Each structure stands twice: as C-alpha cells, then as structure tokens.
>>> print(open('structure_31.tsv').read())   # TSV, C-alpha atoms
chain	number	residue	atom	x	y	z
A	79	MET	CA	-13.10	25.19	16.54
A	80	LYS	CA	-12.44	28.09	14.20
A	81	GLU	CA	-11.33	27.03	10.74
A	82	LYS	CA	-8.08	28.29	9.23
A	83	PRO	CA	-8.37	30.02	5.85
A	84	GLY	CA	-8.41	27.40	3.09
A	85	THR	CA	-9.09	24.55	5.52
A	86	PHE	CA	-11.40	21.82	4.23
A	87	SER	CA	-14.71	21.90	6.10
A	88	ALA	CA	-16.54	18.59	6.10
A	89	ALA	CA	-19.61	20.21	7.65
A	90	ARG	CA	-19.80	22.74	4.84
A	91	HIS	CA	-18.73	20.40	2.02
A	92	PHE	CA	-21.18	17.64	2.93
A	93	ASP	CA	-24.21	19.89	3.05
A	94	GLU	CA	-27.79	18.87	2.30
A	95	SER	CA	-27.42	18.97	-1.48
A	96	LEU	CA	-24.26	16.84	-1.50
A	97	ALA	CA	-25.57	14.48	1.18
A	98	ALA	CA	-28.43	13.64	-1.17
A	99	LYS	CA	-25.97	12.92	-4.01
A	100	TYR	CA	-23.28	11.22	-1.93
A	101	ASP	CA	-24.46	7.63	-2.25
A	102	ARG	CA	-24.41	7.87	-6.05
A	103	ARG	CA	-21.20	9.88	-6.40
A	104	ILE	CA	-19.10	7.79	-4.03
A	105	ARG	CA	-19.79	4.74	-6.18
A	106	LEU	CA	-18.51	6.62	-9.22
A	107	PHE	CA	-15.36	7.65	-7.37
A	108	CYS	CA	-14.80	4.25	-5.76
A	109	PRO	CA	-16.15	1.46	-7.99
A	110	SER	CA	-15.68	-1.16	-5.25
A	111	TYR	CA	-17.41	0.87	-2.53
A	112	ASP	CA	-20.09	-1.76	-1.88
A	113	ALA	CA	-17.54	-4.59	-2.05
A	114	LEU	CA	-15.43	-2.79	0.58
A	115	HIS	CA	-18.33	-2.80	3.01
A	116	GLN	CA	-19.03	-6.48	2.40
A	117	MET	CA	-15.32	-7.24	2.94
A	118	ILE	CA	-15.51	-5.70	6.41
A	119	ILE	CA	-17.93	-8.34	7.68
A	120	PRO	CA	-15.52	-11.31	8.05
A	121	TRP	CA	-13.09	-9.23	10.11
A	122	LEU	CA	-15.80	-8.50	12.69
A	123	GLN	CA	-17.50	-11.89	12.95
A	124	ASP	CA	-15.75	-12.71	16.23
A	125	LEU	CA	-17.24	-9.73	18.05
A	126	PRO	CA	-19.90	-10.32	20.72
A	127	ALA	CA	-23.44	-11.03	19.53
A	128	LYS	CA	-24.53	-7.73	21.12
A	129	ALA	CA	-21.52	-5.63	20.17
A	130	ASP	CA	-21.45	-1.84	20.36
A	131	VAL	CA	-19.91	-0.22	17.27
A	132	LEU	CA	-18.76	3.36	16.69
A	133	SER	CA	-19.08	4.81	13.19
A	134	ALA	CA	-16.70	7.77	13.03
A	135	GLY	CA	-17.63	10.14	10.22
A	136	ALA	CA	-20.71	8.03	9.57
A	137	GLY	CA	-21.85	9.92	6.48
A	138	THR	CA	-25.05	8.41	5.12
A	139	GLY	CA	-24.53	5.26	7.19
A	140	ALA	CA	-23.39	2.67	4.64
A	141	GLU	CA	-21.35	0.59	7.08
A	142	ILE	CA	-24.07	0.80	9.73
A	143	ILE	CA	-26.70	-0.54	7.34
A	144	THR	CA	-24.40	-3.26	5.98
A	145	LEU	CA	-23.22	-4.45	9.39
A	146	GLY	CA	-26.66	-4.08	10.95
A	147	ALA	CA	-28.15	-6.45	8.38
A	148	SER	CA	-25.51	-9.10	9.10
A	149	PHE	CA	-25.47	-8.70	12.89
A	150	PRO	CA	-29.07	-8.06	14.03
A	151	PHE	CA	-28.26	-7.46	17.72
A	152	TRP	CA	-25.45	-4.97	17.30
A	153	ARG	CA	-25.91	-1.36	18.41
A	154	PHE	CA	-24.31	1.63	16.72
A	155	VAL	CA	-23.39	5.25	17.38
A	156	ALA	CA	-23.05	7.47	14.29
A	157	VAL	CA	-20.77	10.49	14.74
A	158	ASP	CA	-20.49	13.16	12.04
A	159	VAL	CA	-19.78	16.89	11.91
A	160	SER	CA	-22.41	17.40	9.18
A	161	SER	CA	-25.98	17.67	10.47
A	162	ASP	CA	-27.21	16.91	6.94
A	163	MET	CA	-25.26	13.67	6.86
A	164	ILE	CA	-26.61	12.76	10.29
A	165	ARG	CA	-30.16	13.29	9.04
A	166	ALA	CA	-29.46	11.19	5.94
A	167	CYS	CA	-28.01	8.42	8.10
A	168	GLN	CA	-30.99	8.55	10.44
A	169	ALA	CA	-33.42	8.28	7.51
A	170	ARG	CA	-31.56	5.26	6.10
A	171	ALA	CA	-31.47	3.53	9.48
A	172	THR	CA	-35.20	4.10	9.91
A	173	ASP	CA	-35.92	2.73	6.43
A	174	ALA	CA	-33.83	-0.34	7.27
A	175	GLY	CA	-35.79	-0.98	10.48
A	176	MET	CA	-32.80	-0.04	12.65
A	177	ALA	CA	-34.12	3.13	14.29
A	178	GLU	CA	-33.87	1.69	17.81
A	179	ARG	CA	-30.34	0.38	17.29
A	180	VAL	CA	-28.59	3.60	16.23
A	181	ALA	CA	-27.75	6.69	18.30
A	182	TYR	CA	-26.30	9.90	16.87
A	183	PHE	CA	-23.79	12.60	17.77
A	184	ASN	CA	-23.53	15.68	15.56
A	185	GLY	CA	-20.03	17.06	16.13
A	186	ARG	CA	-16.33	16.20	16.15
A	187	LEU	CA	-15.32	12.76	17.33
A	188	GLN	CA	-12.82	14.42	19.68
A	189	ASP	CA	-15.78	16.02	21.51
A	190	TYR	CA	-17.81	12.81	21.82
A	191	LYS	CA	-17.74	11.17	25.26
A	192	PRO	CA	-19.45	7.75	25.30
A	193	ALA	CA	-20.85	6.16	28.43
A	194	ALA	CA	-18.92	2.94	27.75
A	195	ALA	CA	-16.15	1.77	25.41
A	196	PHE	CA	-16.97	0.18	22.06
A	197	ASP	CA	-16.15	-3.29	20.74
A	198	ALA	CA	-15.29	-1.95	17.28
A	199	ALA	CA	-15.11	1.25	15.27
A	200	SER	CA	-15.17	2.19	11.61
A	201	SER	CA	-13.71	5.21	9.83
A	202	ILE	CA	-14.50	5.07	6.12
A	203	PHE	CA	-13.08	7.81	3.87
A	204	VAL	CA	-12.77	10.34	6.69
A	205	SER	CA	-9.22	10.92	7.91
A	206	HIS	CA	-7.77	11.67	4.47
A	207	PHE	CA	-9.48	15.07	4.82
A	208	LEU	CA	-7.47	15.84	8.00
A	209	LYS	CA	-4.33	17.54	6.72
A	210	GLU	CA	-2.32	18.41	9.81
A	211	ARG	CA	-0.49	15.42	11.26
A	212	ASP	CA	-1.34	16.41	14.84
A	213	VAL	CA	-5.04	16.65	13.91
A	214	LYS	CA	-4.95	13.28	12.16
A	215	ARG	CA	-3.12	11.70	15.12
A	216	ALA	CA	-5.64	13.21	17.56
A	217	TYR	CA	-8.50	11.80	15.49
A	218	PHE	CA	-7.02	8.29	15.60
A	219	LYS	CA	-6.31	8.71	19.31
A	220	SER	CA	-9.96	9.62	19.91
A	221	ILE	CA	-11.06	6.43	18.18
A	222	SER	CA	-8.58	4.39	20.23
A	223	GLU	CA	-9.71	5.93	23.50
A	224	ASN	CA	-13.34	5.08	22.67
A	225	LEU	CA	-12.50	1.39	22.08
A	226	LYS	CA	-12.03	-1.43	24.55
A	227	VAL	CA	-8.48	-2.81	24.68
A	228	GLY	CA	-8.47	-5.37	21.88
A	229	GLY	CA	-11.27	-3.52	20.08
A	230	VAL	CA	-11.15	-3.54	16.29
A	231	LEU	CA	-10.75	-0.55	13.99
A	232	VAL	CA	-11.76	-0.75	10.34
A	233	LEU	CA	-10.10	2.12	8.49
A	234	ALA	CA	-10.50	3.01	4.82
A	235	ASP	CA	-8.89	6.06	3.21
A	236	LEU	CA	-7.18	7.44	0.18
A	237	PHE	CA	-3.44	6.95	0.62
A	238	GLY	CA	-0.12	6.91	-1.18
A	239	ASP	CA	3.25	8.60	-1.69
A	240	LYS	CA	2.62	11.51	-4.05
A	241	ALA	CA	6.31	11.59	-5.03
A	242	SER	CA	6.28	8.03	-6.37
A	243	PRO	CA	5.63	6.99	-10.00
A	244	GLU	CA	3.18	4.38	-8.73
A	245	PHE	CA	1.04	7.12	-7.24
A	246	MET	CA	0.74	9.01	-10.50
A	247	ALA	CA	-0.10	5.84	-12.43
A	248	LEU	CA	-2.84	4.92	-9.95
A	249	LEU	CA	-4.19	8.48	-9.87
A	250	ASP	CA	-4.41	8.58	-13.66
A	251	ALA	CA	-6.14	5.19	-13.85
A	252	TRP	CA	-8.54	6.21	-11.07
A	253	LEU	CA	-9.58	9.42	-12.81
A	254	ARG	CA	-9.92	7.62	-16.17
A	255	SER	CA	-12.22	5.11	-14.46
A	256	TYR	CA	-14.27	7.96	-13.01
A	257	ALA	CA	-14.51	9.68	-16.40
A	258	LEU	CA	-15.95	6.51	-17.98
A	259	HIS	CA	-19.21	7.18	-16.13
A	260	GLY	CA	-19.96	10.07	-18.50
A	261	VAL	CA	-18.64	12.80	-16.23
A	262	SER	CA	-18.31	16.11	-18.07
A	263	ASP	CA	-14.89	17.66	-18.63
A	264	GLU	CA	-15.87	20.56	-16.37
A	265	GLU	CA	-16.93	18.24	-13.55
A	266	LEU	CA	-13.79	16.13	-13.97
A	267	ILE	CA	-11.59	19.22	-13.67
A	268	ARG	CA	-13.53	20.41	-10.62
A	269	ASP	CA	-13.28	17.01	-8.91
A	270	ARG	CA	-9.56	16.70	-9.65
A	271	MET	CA	-9.03	20.12	-8.08
A	272	HIS	CA	-11.01	18.94	-5.04
A	273	ILE	CA	-8.76	15.88	-4.74
A	274	GLU	CA	-5.57	17.90	-5.07
A	275	ARG	CA	-6.77	20.65	-2.71
A	276	ASP	CA	-8.62	18.74	0.01
A	277	VAL	CA	-7.24	15.19	0.24
A	278	ASP	CA	-4.16	14.53	2.36
A	279	PHE	CA	-2.46	11.52	0.79
A	280	VAL	CA	-0.24	9.78	3.34
A	281	PRO	CA	2.22	6.96	2.52
A	282	GLU	CA	1.21	3.68	4.11
A	283	SER	CA	4.30	3.71	6.32
A	284	GLU	CA	3.30	7.08	7.76
A	285	LEU	CA	-0.29	5.98	8.24
A	286	THR	CA	1.00	2.94	10.14
A	287	ALA	CA	3.12	5.15	12.37
A	288	LEU	CA	0.19	7.46	13.13
A	289	LEU	CA	-2.03	4.52	14.09
A	290	CYS	CA	0.65	2.96	16.29
A	291	ASP	CA	1.22	6.32	18.00
A	292	ALA	CA	-2.52	6.40	18.73
A	293	GLY	CA	-2.42	3.03	20.49
A	294	PHE	CA	-3.21	0.59	17.68
A	295	SER	CA	-1.43	-2.51	16.47
A	296	THR	CA	0.36	-2.46	13.12
A	297	PRO	CA	-2.54	-2.27	10.64
A	298	LEU	CA	-3.14	-5.02	8.08
A	299	ARG	CA	-4.21	-3.86	4.63
A	300	PHE	CA	-7.02	-6.08	3.33
A	301	TYR	CA	-8.33	-3.93	0.49
A	302	GLN	CA	-7.15	-1.63	-2.29
A	303	THR	CA	-8.83	-0.05	-5.32
A	304	TYR	CA	-6.64	2.51	-7.10
A	305	LEU	CA	-5.64	4.88	-4.28
A	306	PHE	CA	-8.33	3.70	-1.84
A	307	GLY	CA	-7.04	1.38	0.89
A	308	GLY	CA	-8.62	-0.52	3.76
A	309	TRP	CA	-6.92	-1.72	6.98
A	310	ILE	CA	-7.70	-3.63	10.16
A	311	ALA	CA	-6.04	-2.74	13.47
A	312	ARG	CA	-6.69	-3.38	17.15
A	313	ARG	CA	-6.32	-1.16	20.19
A	314	VAL	CA	-3.37	-2.51	22.13
A	315	VAL	CA	-2.90	0.13	24.88
>>> encode(input="structure_31.tsv", output="structure tokens")
Amino acid sequence: MKEKPGTFSAARHFDESLAAKYDRRIRLFCPSYDALHQMIIPWLQDLPAKADVLSAGAGTGAEIITLGASFPFWRFVAVDVSSDMIRACQARATDAGMAERVAYFNGRLQDYKPAAAFDAASSIFVSHFLKERDVKRAYFKSISENLKVGGVLVLADLFGDKASPEFMALLDAWLRSYALHGVSDEELIRDRMHIERDVDFVPESELTALLCDAGFSTPLRFYQTYLFGGWIARRVV
C-alpha cells in the first residue's frame, strides 16, 4: 500500500536502530509497561491449555514472552510490518526457549490469513498510530475476523479527548514523568513533536464504537497510566 505524504510509517519508524532501543525507551515513556503485561495474565487464564494467540503489531515480543512464561503450552503468531521488529521478536523468543512456539508474519495484519481462528489476540500500543477512522476500523475488524467467536482481545493504546482539560493535565504530567529520566531538552521536544504528529488520540467513547463496529463487545478498561489505557473485549459476531 502506497503511503500518503506525511503518513506515519511503522515499518520505517521502527527500523533496526530503534528496534534495538525500543525495550528501553518504551519503559521511559510508559513507566508501568511491565505491570501492564503482568495485568493481562488474569484476563486470559480461562483460555484453553493449548491456546493459539495472535500478537498484532508484536514489536519486540513483550506480551509473547510474558504470556509464554505463564502458559507453557500456548502457541503464538507475531505479526508486524517492521522486519527489524520481527527479527528482534524472534531473537527474544529464541532466548526464552520459545522458538518452536512462535510463528511470524512480516506485513500488515489485514493481509495475514491464518489457517485457523485464534483463542485470543493482543494489540499493544499499535492502533493509536492509525489515523484514518476507516483504517483503524479495518484493523480492528481484521483482529475480530481472526478470532473465534468469544475470543478475547487485549488492547492497549494512547487515548483521550484532546479538547478536554483532563487531557492536557495528563499529557503534561506524562511528559514531566518522561523528562525525569534525564531526557535532554532537545530529545523531549523531538518526542513531543512525534506524539503530536503521529499519535491519533481517540476518546474512549469513540474507541468503544470502533470496536463494537468491528464485532467486539463493549470493552472494559482495566488499566490506565497517564494517557495509556488498556481494555478487554470479546468477539461477539
């Protein structure tokens, strides 16, 4: 798919150099990143002992490694548009002794066609980069279509109503928290520009509507840190 001018490119943004830095930087941006992944576990404990799980926008594989350690018979498919992220995920899975339990697809989720439906799926800090509502809806629809009816989606994203005073207060606190890690003024300015330019903040009500349009139940928010939120939903149709 040809990119429009100014469109955020995950494949280009998450190149080899950033893939190597991602695990450190994401913990500076989201101070509860590891806690989020641990909080996912209880919501998935009722899945089959040999569940199949889709990781959409797998990145370096944090949720795969976390879930794989807790559920030793689960199998995973990691989908990501960045070949560098796929390689980083593959290396982490190998180091964790999970090489035989993880398969990979380098490309858009909308182009992935699994042999069978999944018991659960995760999408962690992915869809907030999809700016057009139709593109975001199509992404959620692709996840839904890859799940069994009743299958669980774990979604985490940046969210919020940019016109609200609450949003600005949370944004300011979030960036102050990030700056406490010794980030230079130049880097802070660059990262704030990245947030303003590339992240599509959606009010929770709109996110709920998009998920319901894609065939999911009304999502339940179980997590929030500043402007990062986490939800659980199930495929209902």
>>> closest_residue(input="structure_31.tsv", among="A:Leu253, A:Pro192, A:Lys99, A:Val131", to="Arg268 of chain A", atoms="all atoms listed in the file")
A:Leu253
>>> closest_residue(input="structure_31.tsv", among="A:Leu248, A:Met176, A:Val315, A:Ala171", to="Phe151 of chain A", atoms="only C-alpha atoms")
A:Met176
>>> closest_residue(input="structure_31.tsv", among="A:Asp101, A:Asp239, A:Glu284, A:Asp124", to="Ala166 of chain A", atoms="all atoms listed in the file")
A:Asp101
>>> residues_around(input="structure_31.tsv", residues="Ala195 of chain A", least_positions_apart="6", cutoff="9 Å", atoms="all atoms listed in the file", output="PyMOL selection string")
chain A and resi 130+223-227+229
>>> closest_residue(input="structure_31.tsv", among="A:Leu106, A:Ala199, A:Met271, A:Leu236", to="Leu122 of chain A", atoms="all atoms listed in the file")
A:Ala199
>>> closest_residue(input="structure_31.tsv", among="A:Arg313, A:Lys191, A:Lys209, A:Arg254", to="Val280 of chain A", atoms="all atoms listed in the file")
A:Lys209
>>> residues_around(input="structure_31.tsv", residues="Tyr111 of chain A", least_positions_apart="5", cutoff="12 Å", atoms="all atoms listed in the file", output="PyMOL selection string")
chain A and resi 100-106+116-118+140-141+144+202-203+234-235+301-304+306-308
>>> atom_distance(input="structure_31.tsv", atom1="atom CA of Phe218 of chain A", atom2="atom CA of Ile310 of chain A")
13.1 Å
>>> closest_residue(input="structure_31.tsv", among="A:Asp278, A:Asp112, A:Asp291, A:Glu265", to="Val204 of chain A", atoms="all atoms listed in the file")
A:Asp278
>>> atom_distance(input="structure_31.tsv", atom1="atom CA of Phe154 of chain A", atom2="atom CA of Ala129 of chain A")
8.5 Å
>>> atom_distance(input="structure_31.tsv", atom1="atom CA of Cys290 of chain A", atom2="atom CA of Leu125 of chain A")
22.0 Å
>>> residues_around(input="structure_31.tsv", residues="Leu132 of chain A", least_positions_apart="3", cutoff="8 Å", atoms="all atoms listed in the file", output="number ranges by chain")
A: 154-157, 196, 198-200
>>> build_atoms(input="structure_31.tsv", residues="segment 205-218 of chain A", atoms="N, CA, C and O atoms", output="mmCIF file, in the coordinates of the input")
data_model
loop_
_atom_site.group_PDB
_atom_site.id
_atom_site.type_symbol
_atom_site.label_atom_id
_atom_site.label_comp_id
_atom_site.auth_asym_id
_atom_site.auth_seq_id
_atom_site.Cartn_x
_atom_site.Cartn_y
_atom_site.Cartn_z
ATOM 1 N N SER A 205 -10.443 10.279 7.425
ATOM 2 C CA SER A 205 -9.220 10.920 7.910
ATOM 3 C C SER A 205 -8.342 11.458 6.800
ATOM 4 O O SER A 205 -7.433 12.260 7.065
ATOM 5 N N HIS A 206 -8.588 11.074 5.542
ATOM 6 C CA HIS A 206 -7.770 11.670 4.470
ATOM 7 C C HIS A 206 -8.108 13.145 4.245
ATOM 8 O O HIS A 206 -7.414 13.828 3.497
ATOM 9 N N PHE A 207 -9.169 13.641 4.889
ATOM 10 C CA PHE A 207 -9.480 15.070 4.820
ATOM 11 C C PHE A 207 -8.800 15.863 5.944
ATOM 12 O O PHE A 207 -8.907 17.085 5.979
ATOM 13 N N LEU A 208 -8.136 15.177 6.876
ATOM 14 C CA LEU A 208 -7.470 15.840 8.000
ATOM 15 C C LEU A 208 -6.007 16.050 7.612
ATOM 16 O O LEU A 208 -5.224 15.107 7.575
ATOM 17 N N LYS A 209 -5.639 17.285 7.328
ATOM 18 C CA LYS A 209 -4.330 17.540 6.720
ATOM 19 C C LYS A 209 -3.182 17.646 7.715
ATOM 20 O O LYS A 209 -2.078 17.203 7.444
ATOM 21 N N GLU A 210 -3.409 18.243 8.851
ATOM 22 C CA GLU A 210 -2.320 18.410 9.810
ATOM 23 C C GLU A 210 -2.086 17.102 10.548
ATOM 24 O O GLU A 210 -3.023 16.454 10.995
ATOM 25 N N ARG A 211 -0.807 16.718 10.651
ATOM 26 C CA ARG A 211 -0.490 15.420 11.260
ATOM 27 C C ARG A 211 -0.982 15.337 12.706
ATOM 28 O O ARG A 211 -1.453 14.290 13.145
ATOM 29 N N ASP A 212 -0.871 16.433 13.455
ATOM 30 C CA ASP A 212 -1.340 16.410 14.840
ATOM 31 C C ASP A 212 -2.857 16.218 14.899
ATOM 32 O O ASP A 212 -3.366 15.547 15.809
ATOM 33 N N VAL A 213 -3.580 16.802 13.955
ATOM 34 C CA VAL A 213 -5.040 16.650 13.910
ATOM 35 C C VAL A 213 -5.396 15.214 13.546
ATOM 36 O O VAL A 213 -6.299 14.605 14.143
ATOM 37 N N LYS A 214 -4.702 14.661 12.569
ATOM 38 C CA LYS A 214 -4.950 13.280 12.160
ATOM 39 C C LYS A 214 -4.637 12.320 13.312
ATOM 40 O O LYS A 214 -5.392 11.385 13.583
ATOM 41 N N ARG A 215 -3.500 12.555 13.992
ATOM 42 C CA ARG A 215 -3.120 11.700 15.120
ATOM 43 C C ARG A 215 -4.151 11.805 16.250
ATOM 44 O O ARG A 215 -4.523 10.789 16.861
ATOM 45 N N ALA A 216 -4.635 13.024 16.509
ATOM 46 C CA ALA A 216 -5.640 13.210 17.560
ATOM 47 C C ALA A 216 -6.944 12.500 17.214
ATOM 48 O O ALA A 216 -7.622 11.958 18.099
ATOM 49 N N TYR A 217 -7.290 12.509 15.940
ATOM 50 C CA TYR A 217 -8.500 11.800 15.490
ATOM 51 C C TYR A 217 -8.367 10.302 15.757
ATOM 52 O O TYR A 217 -9.267 9.677 16.328
ATOM 53 N N PHE A 218 -7.232 9.714 15.362
ATOM 54 C CA PHE A 218 -7.020 8.290 15.600
ATOM 55 C C PHE A 218 -6.968 7.984 17.094
ATOM 56 O O PHE A 218 -7.464 6.943 17.550
#
